[in-house]
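Take a look at the structure set out below.
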Amino acid sequence: MSSLMRRTAAAFAAGALLTGAVLTGTAHAEQAERDAAPLQSTLRDAAAAQGRFAGTAINDGLLSNPTYTSIASREFSSVTAENVMKWETIQPSRGNFNFSGGDRLVDFAQQNNQQVYGHTLVWHSQLPSWVSNGGFNAEQLNAVMTEHITEVVSHYAGDVAYWDVVNEAFNEDGTLRQSVFQQTLGQQYIADAFRVADAADPDAKLCINDYNIEAINAKSDGLYQLVSSLLQQGVPIDCVGFQSHLILDQIPGSFQSNLQRFVDLGLEVIITELDIRIPMPADQAELQRQAEQFAEVTEVCLAVDGCVGVTVWGISDRDSWVPDVFPGEGAACLYDDNYQAKPAYYAMLEAFGGGDDGGDDGGDDGGDDGGEEPGPEPEGCAATYSVVNRWNQGSVVEVSVTTEQALSGWTVEFSLPAGSVTSGWNAQVSQSGTQVTATNAPYNGSVPAGGTLSFGFQTDSGATYDTPQITLNGAPCATA
Ligand code: G2I
């Protein structure tokens, strides 16, 4: 292991513009420079200015959704495979490796100048039954584990910056989970897994990752003992991932001191799977507290030199794992079901030191506008919204959006202030509540850089109103 040669998170976070020096976090000149810099308008840029990465889990099935990918590429500098690098997907039967999903993620990341965070090599869950019930003895299972790690890590050598080598190895009481690996190989499997991964890619950073270890508690104490002993034995471990699947109003008070004690061992720490779930339906007050708590977790990371990044587990509430596993809970992410940024997004952006240059972030006290806060500076698109005809109980509206970037498929969204859409043209126009979503027709999805897309619709209301905020593929547009 040559950790000095390892790529630093900061270098990735800043698109290779910053150096690892920011991790020391002590240089006043650097801090002054950062303070004087203009506010950054995306999570990735704001995080990079602090020498951190801002990550998200990517759902492979959503890489064909332009709304999803535009947020993923614009806002995040690190991407974690939500499922496609897990054992059941990548080696569903012995010796049969399927790298297609992981390769798609690597391609996406490379197109968007993002770091890839590999998840995960050795885990009791999403483990195919040929491994979990294979009846292997210790020697055989060791060979199976070694082969899996070697194949996967070498396939992605140079492309994956971090690996969760061992995932969720602990019980809540701080003892080791009786997975097939622990039962068959004993605790030695953990050190072995790290050594094999290091041999396959000496440049990747190698982490152990778990949940419910954010506080100082029995489980994080067990982990602390384990990694201390691994380090003493010279095992090549670089980092600890704190999943941080949190519950509203339950952010642990000892989070920062807990991260700090692992950093003091010489390790990097990473918030790897952050979400904050709320009993459904979530009301405005809860969403506001959630925002404060996303900011709090971000600030905890920023307060610890050696906390190199924060990854959120999924982009929108619609994509989140939470409602499937915790029925009646949800709204755990930064974006809502319509891919609109929630208060949590703006709070996290601001906590990273970014935001609206106007300096009035969050000044709206939740009046009658649906709780919208000032968003990032509109960039990349300019929209016009023209009511071309209006009568007693109806109106005809034409929307045009000029885009700076070429598009291959588009989604335009806004909140309709009055009435309902009765028909649309040059787009598929649908409405849910007040939210209108227009996606391209089969013939007008491709728009060149600098080009303009247009569509129209009719409503059943003749009311007058101000032009709504319009987004293109999730990004707010300037409106004329
Ligand atoms: O459970 C939340 C996370 C806890 N830490 C480790 C992470 O790897 C884990 O992620 C979740 C994914 O977000 C889910 O998407 O892991 C789950 C499985 O343990 C994933 O769910 C599974 C579903 O249970 C399956 O039914 C589905 O076929 O995703 C699969 C692929 O979509």
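Just so we're on the same page: first chain in the structure tokens is A, next is B, and so on; residues restart at 1 for each chain, and ligands are numbered from 1 in the order they show up.
The residue set within 8 Å of Gly450 in chain A, counting only C-alpha atoms and dropping same-chain residues fewer than 3 places from it, reads Thr402, Thr403, Glu404, Gln405 and Ala406 of chain A.
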Inset, instruction - Determine which residues of range 87-181 of chain A DSSP labels as alpha helix (DSSP H) from the backbone of this structure, then write them out as number ranges by chain. - result: A: 87-90, 100-111, 129-132, 138-155, 180-181
Taking C-alpha atoms for each residue, export the selection above as a compact mmCIF listing (two decimals), in the first residue's frame.
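Output file part_2.txt is given in full below:
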# COMPACT_ATOMS: atom_id res chain seq x y z
CA TRP A 87 -22.16 -9.96 -5.38
CA GLU A 88 -25.53 -11.31 -6.55
CA THR A 89 -25.37 -9.04 -9.60
CA ILE A 90 -21.70 -9.21 -10.41
CA SER A 100 -22.38 -4.57 -17.45
CA GLY A 101 -24.14 -2.45 -14.82
CA GLY A 102 -20.91 -1.43 -13.11
CA ASP A 103 -19.35 -0.57 -16.45
CA ARG A 104 -22.34 1.66 -17.25
CA LEU A 105 -21.76 3.49 -13.98
CA VAL A 106 -18.06 3.93 -14.71
CA ASP A 107 -18.88 5.31 -18.20
CA PHE A 108 -21.41 7.72 -16.71
CA ALA A 109 -18.91 8.89 -14.11
CA GLN A 110 -16.16 9.39 -16.65
CA GLN A 111 -18.45 11.41 -18.90
CA SER A 129 -27.21 -18.66 -2.50
CA TRP A 130 -24.36 -20.47 -4.24
CA VAL A 131 -22.16 -18.64 -1.72
CA SER A 132 -24.43 -18.35 1.33
CA ALA A 138 -12.97 -22.73 5.12
CA GLU A 139 -10.40 -23.37 2.44
CA GLN A 140 -13.03 -23.38 -0.30
CA LEU A 141 -14.85 -20.27 0.92
CA ASN A 142 -11.56 -18.45 1.25
CA ALA A 143 -10.83 -19.28 -2.38
CA VAL A 144 -14.33 -18.15 -3.42
CA MET A 145 -13.94 -14.84 -1.57
CA THR A 146 -10.43 -14.27 -2.90
CA GLU A 147 -11.53 -14.98 -6.46
CA HIS A 148 -14.50 -12.62 -6.19
CA ILE A 149 -12.51 -9.72 -4.77
CA THR A 150 -9.62 -10.22 -7.16
CA GLU A 151 -11.79 -10.37 -10.27
CA VAL A 152 -13.97 -7.42 -9.37
CA VAL A 153 -11.28 -5.10 -8.03
CA SER A 154 -8.91 -5.79 -10.91
CA HIS A 155 -11.68 -5.26 -13.44
CA VAL A 180 -21.37 -17.23 6.28
CA PHE A 181 -17.94 -15.60 6.10
What residues have any atom no more than 10 Å from ligand 1 when counting only C-alpha atoms and all ligand atoms, and can you list them as a short mmCIF file (atom, residue, chain, number, x, y, z; two decimals) with N, CA, C and O atoms, in the first residue's frame?
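New file result_19.cif:
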data_model
loop_
_atom_site.label_atom_id
_atom_site.label_comp_id
_atom_site.auth_asym_id
_atom_site.auth_seq_id
_atom_site.Cartn_x
_atom_site.Cartn_y
_atom_site.Cartn_z
N ALA A 57 -25.93 7.69 -4.49
CA ALA A 57 -26.08 6.33 -5.03
C ALA A 57 -26.81 6.45 -6.36
O ALA A 57 -27.73 7.25 -6.50
N ILE A 58 -26.37 5.65 -7.32
CA ILE A 58 -27.01 5.66 -8.64
C ILE A 58 -27.76 4.35 -8.85
O ILE A 58 -27.20 3.26 -8.68
N ASN A 59 -29.02 4.51 -9.23
CA ASN A 59 -29.87 3.37 -9.58
C ASN A 59 -29.70 3.13 -11.08
O ASN A 59 -30.09 3.98 -11.89
N ASP A 60 -29.14 2.00 -11.43
CA ASP A 60 -28.81 1.71 -12.83
C ASP A 60 -30.02 1.86 -13.74
O ASP A 60 -29.91 2.37 -14.86
N GLY A 61 -31.18 1.46 -13.25
CA GLY A 61 -32.40 1.51 -14.08
C GLY A 61 -32.83 2.92 -14.42
O GLY A 61 -33.66 3.12 -15.31
N THR A 80 -21.97 6.16 -6.34
CA THR A 80 -21.88 4.82 -5.77
C THR A 80 -22.91 3.95 -6.48
O THR A 80 -24.04 4.40 -6.70
N ALA A 81 -22.54 2.72 -6.81
CA ALA A 81 -23.51 1.80 -7.41
C ALA A 81 -24.49 1.37 -6.33
O ALA A 81 -24.09 0.76 -5.34
N GLU A 82 -25.77 1.70 -6.50
CA GLU A 82 -26.74 1.33 -5.46
C GLU A 82 -26.86 -0.19 -5.36
O GLU A 82 -26.98 -0.73 -4.27
N ASN A 83 -26.81 -0.88 -6.49
CA ASN A 83 -26.95 -2.35 -6.47
C ASN A 83 -26.03 -3.11 -7.41
O ASN A 83 -25.71 -4.27 -7.13
N VAL A 84 -25.62 -2.48 -8.53
CA VAL A 84 -25.05 -3.30 -9.61
C VAL A 84 -23.64 -3.84 -9.36
O VAL A 84 -23.15 -4.64 -10.16
N MET A 85 -22.98 -3.41 -8.30
CA MET A 85 -21.67 -3.99 -8.01
C MET A 85 -21.74 -4.98 -6.84
O MET A 85 -20.71 -5.41 -6.32
N LYS A 86 -22.97 -5.32 -6.44
CA LYS A 86 -23.11 -6.29 -5.35
C LYS A 86 -22.91 -7.71 -5.89
O LYS A 86 -23.10 -7.97 -7.08
N GLU A 88 -24.50 -10.56 -5.83
CA GLU A 88 -25.53 -11.31 -6.55
C GLU A 88 -25.65 -10.85 -7.99
O GLU A 88 -26.06 -11.61 -8.87
N THR A 89 -25.30 -9.56 -8.24
CA THR A 89 -25.37 -9.04 -9.60
C THR A 89 -24.09 -9.34 -10.36
O THR A 89 -24.11 -9.71 -11.53
N HIS A 119 -19.30 -0.37 -4.31
CA HIS A 119 -20.11 -0.90 -3.21
C HIS A 119 -20.75 -2.20 -3.71
O HIS A 119 -21.52 -2.14 -4.66
N THR A 120 -20.49 -3.29 -3.16
CA THR A 120 -19.61 -3.63 -2.05
C THR A 120 -19.11 -5.05 -2.28
O THR A 120 -19.77 -5.84 -2.96
N TRP A 123 -20.33 -9.00 1.77
CA TRP A 123 -21.53 -8.59 2.51
C TRP A 123 -22.43 -9.81 2.63
O TRP A 123 -22.54 -10.58 1.67
N HIS A 124 -23.11 -9.95 3.77
CA HIS A 124 -23.99 -11.11 3.96
C HIS A 124 -25.26 -11.01 3.12
O HIS A 124 -25.92 -12.01 2.87
N SER A 125 -25.62 -9.78 2.70
CA SER A 125 -26.90 -9.57 2.01
C SER A 125 -26.64 -9.45 0.51
O SER A 125 -25.54 -9.12 0.09
N GLN A 126 -27.69 -9.65 -0.28
CA GLN A 126 -27.55 -9.64 -1.73
C GLN A 126 -26.34 -10.51 -2.14
O GLN A 126 -25.57 -10.19 -3.03
N LEU A 127 -26.25 -11.62 -1.42
CA LEU A 127 -25.20 -12.61 -1.64
C LEU A 127 -25.91 -13.82 -2.27
O LEU A 127 -26.89 -14.30 -1.71
N ASP A 164 -16.03 -0.24 -0.68
CA ASP A 164 -16.51 -0.82 0.56
C ASP A 164 -16.13 -2.30 0.50
O ASP A 164 -16.80 -3.10 -0.16
N ASN A 167 -18.85 -4.98 4.30
CA ASN A 167 -20.05 -4.20 4.60
C ASN A 167 -20.85 -4.86 5.72
O ASN A 167 -21.09 -6.07 5.68
N GLU A 168 -21.24 -4.06 6.70
CA GLU A 168 -22.19 -4.49 7.74
C GLU A 168 -21.74 -5.75 8.46
O GLU A 168 -22.49 -6.72 8.61
N ASN A 209 -17.65 -0.50 6.03
CA ASN A 209 -18.84 0.35 5.98
C ASN A 209 -19.93 -0.28 6.84
O ASN A 209 -20.09 -1.50 6.85
N ASP A 210 -20.68 0.56 7.57
CA ASP A 210 -21.75 -0.03 8.39
C ASP A 210 -22.81 1.02 8.71
O ASP A 210 -22.60 2.22 8.46
N TYR A 211 -23.93 0.56 9.27
CA TYR A 211 -25.01 1.46 9.68
C TYR A 211 -25.13 1.44 11.21
O TYR A 211 -24.60 0.54 11.87
N PHE A 242 -19.62 5.56 7.17
CA PHE A 242 -20.75 5.66 8.11
C PHE A 242 -22.01 5.84 7.26
O PHE A 242 -22.23 6.91 6.68
N GLN A 243 -22.82 4.78 7.14
CA GLN A 243 -23.93 4.82 6.19
C GLN A 243 -24.85 6.00 6.47
O GLN A 243 -25.29 6.69 5.57
N SER A 244 -25.25 6.18 7.72
CA SER A 244 -26.08 7.33 8.09
C SER A 244 -27.48 7.28 7.49
O SER A 244 -27.96 8.25 6.89
N HIS A 245 -28.12 6.13 7.63
CA HIS A 245 -29.56 6.05 7.34
C HIS A 245 -30.27 6.53 8.60
O HIS A 245 -30.48 5.77 9.55
N THR A 272 -21.50 7.68 3.90
CA THR A 272 -21.62 6.92 2.64
C THR A 272 -23.04 6.74 2.10
O THR A 272 -23.20 6.46 0.91
N GLU A 273 -24.08 6.84 2.95
CA GLU A 273 -25.42 6.49 2.45
C GLU A 273 -26.48 7.37 3.10
O GLU A 273 -27.55 6.89 3.50
N LEU A 274 -26.23 8.66 3.18
CA LEU A 274 -27.09 9.52 3.99
C LEU A 274 -28.52 9.63 3.46
O LEU A 274 -28.74 9.90 2.28
N ASP A 275 -29.47 9.38 4.33
CA ASP A 275 -30.86 9.80 4.12
C ASP A 275 -31.49 10.00 5.49
O ASP A 275 -30.97 9.52 6.50
N TRP A 313 -28.07 8.68 -0.25
CA TRP A 313 -28.46 7.37 -0.81
C TRP A 313 -29.68 7.53 -1.72
O TRP A 313 -30.81 7.31 -1.34
N GLY A 314 -29.38 7.94 -2.95
CA GLY A 314 -30.43 8.14 -3.94
C GLY A 314 -30.70 9.61 -4.14
O GLY A 314 -30.32 10.45 -3.31
N ASP A 319 -37.14 7.46 -5.68
CA ASP A 319 -36.20 6.36 -5.95
C ASP A 319 -35.71 5.68 -4.68
O ASP A 319 -34.95 4.73 -4.75
N SER A 320 -36.11 6.18 -3.52
CA SER A 320 -35.48 5.73 -2.28
C SER A 320 -35.92 4.32 -1.87
O SER A 320 -37.07 3.93 -2.05
N TRP A 321 -35.01 3.62 -1.23
CA TRP A 321 -35.29 2.28 -0.69
C TRP A 321 -36.20 2.34 0.54
O TRP A 321 -36.80 1.35 0.92
N VAL A 322 -36.31 3.52 1.16
CA VAL A 322 -36.93 3.61 2.49
C VAL A 322 -38.38 3.11 2.53
O VAL A 322 -38.71 2.26 3.39
N ASP A 324 -39.97 0.99 0.90
CA ASP A 324 -40.08 -0.47 0.74
C ASP A 324 -39.77 -1.20 2.04
O ASP A 324 -40.34 -2.24 2.34
N VAL A 325 -38.83 -0.65 2.79
CA VAL A 325 -38.33 -1.37 3.97
C VAL A 325 -38.99 -0.86 5.25
O VAL A 325 -39.16 -1.62 6.21
#
Inset, instruction - Run DSSP on the backbone of this structure and report the residues of range 189-370 of chain A it assigns to strand (DSSP E), as a PyMOL selection string. - result: chain A and resi 205-210+239-242+245-247+268-279+307-312+329-330
Inset, instruction - Just the residues within 10 Å of Gly330 in chain A, please, counting only C-alpha atoms, with nothing from its chain fewer than 3 positions along; format it as a VMD selection string. - result: chain A and resid 247 275 to 282 317 to 318 320 to 327 333
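Here CA of Val436 in chain A and CA of Gln288 in chain A stand 24.1 Å from one another.
Shortest atom-to-atom contact with Gln458 in chain A among A:Ile470, A:Ala418, A:Leu121, A:Leu185: A:Ala418, counting only C-alpha atoms.
Considering only C-alpha atoms, the residue among A:Gly462, A:Pro448, A:Pro468, A:Pro202 positioned nearest to Ser415 in chain A is A:Pro468.
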What's the 6 Å shell around range 254-270 of chain A, counting only C-alpha atoms, without same-chain residues fewer than 6 positions away, as a CSV table (one decimal) with N, CA, C and O atoms, in the first residue's frame?
chain,number,residue,atom,x,y,z
A,214,GLU,N,-23.1,5.8,13.7
A,214,GLU,CA,-22.8,7.2,13.7
A,214,GLU,C,-22.6,7.8,15.1
A,214,GLU,O,-21.8,8.7,15.2
A,215,ALA,N,-23.2,7.2,16.0
A,215,ALA,CA,-23.0,7.6,17.4
A,215,ALA,C,-21.9,6.8,18.0
A,215,ALA,O,-21.5,5.7,17.5
A,216,ILE,N,-21.4,7.3,19.2
A,216,ILE,CA,-20.5,6.4,20.0
A,216,ILE,C,-21.4,5.5,20.7
A,216,ILE,O,-22.3,5.9,21.5
A,238,ASP,N,-8.1,1.9,4.7
A,238,ASP,CA,-7.9,3.3,4.6
A,238,ASP,C,-9.0,4.2,5.2
A,238,ASP,O,-8.9,5.4,5.4
A,239,CYS,N,-10.2,3.6,5.3
A,239,CYS,CA,-11.4,4.4,5.5
A,239,CYS,C,-12.5,3.6,6.2
A,239,CYS,O,-12.6,2.4,6.1
A,240,VAL,N,-13.3,4.4,6.9
A,240,VAL,CA,-14.6,3.9,7.5
A,240,VAL,C,-15.7,4.6,6.9
A,240,VAL,O,-15.7,5.9,6.9
A,241,GLY,N,-16.7,3.9,6.4
A,241,GLY,CA,-17.9,4.5,5.9
A,241,GLY,C,-19.1,4.4,6.9
A,241,GLY,O,-19.3,3.3,7.5
A,300,VAL,N,-21.0,18.4,10.4
A,300,VAL,CA,-20.2,17.4,11.1
A,300,VAL,C,-19.0,17.0,10.3
A,300,VAL,O,-17.9,16.9,10.7
A,306,GLY,N,-10.3,15.0,7.4
A,306,GLY,CA,-10.3,13.6,7.2
A,306,GLY,C,-11.6,13.0,7.0
A,306,GLY,O,-11.7,11.8,6.6
A,307,CYS,N,-12.7,13.8,7.1
A,307,CYS,CA,-14.0,13.4,6.6
A,307,CYS,C,-14.0,13.9,5.2
A,307,CYS,O,-14.1,15.1,4.9
A,308,VAL,N,-13.9,13.0,4.2
A,308,VAL,CA,-13.6,13.4,2.8
A,308,VAL,C,-14.8,13.6,1.9
A,308,VAL,O,-14.7,14.1,0.8
A,309,GLY,N,-16.0,13.1,2.4
A,309,GLY,CA,-17.1,13.3,1.5
A,309,GLY,C,-18.4,12.9,2.1
A,309,GLY,O,-18.4,12.2,3.2
Inset, instruction - Would you list the contacts of Gly380 in chain A as a VMD selection string, taking every protein, DNA or RNA residue within 12 Å and counting only C-alpha atoms, but skipping same-chain residues closer than 5 positions in sequence? - result: chain A and resid 70 74 401 to 407 449 to 452 471 to 479
Inset, instruction - Mind checking which residues fall within 7 Å of range 422-428 of chain A, counting only C-alpha atoms, ignoring those fewer than 3 positions away in the same chain, and posting them as a VMD selection string? - result: chain A and resid 438 to 441 455 to 460
Go ahead and write the selection's residues with C-alpha atoms as a CSV table (one decimal), in the first residue's frame.
chain,number,residue,atom,x,y,z
A,438,ALA,CA,-44.1,17.8,-20.1
A,439,THR,CA,-41.8,15.3,-21.7
A,440,ASN,CA,-40.7,15.4,-25.3
A,441,ALA,CA,-42.7,13.8,-28.1
A,455,PHE,CA,-44.8,22.8,-26.6
A,456,GLY,CA,-48.3,24.0,-25.7
A,457,PHE,CA,-51.3,23.1,-23.6
A,458,GLN,CA,-54.8,24.2,-22.8
A,459,THR,CA,-56.3,24.6,-19.4
A,460,ASP,CA,-59.9,24.9,-18.0
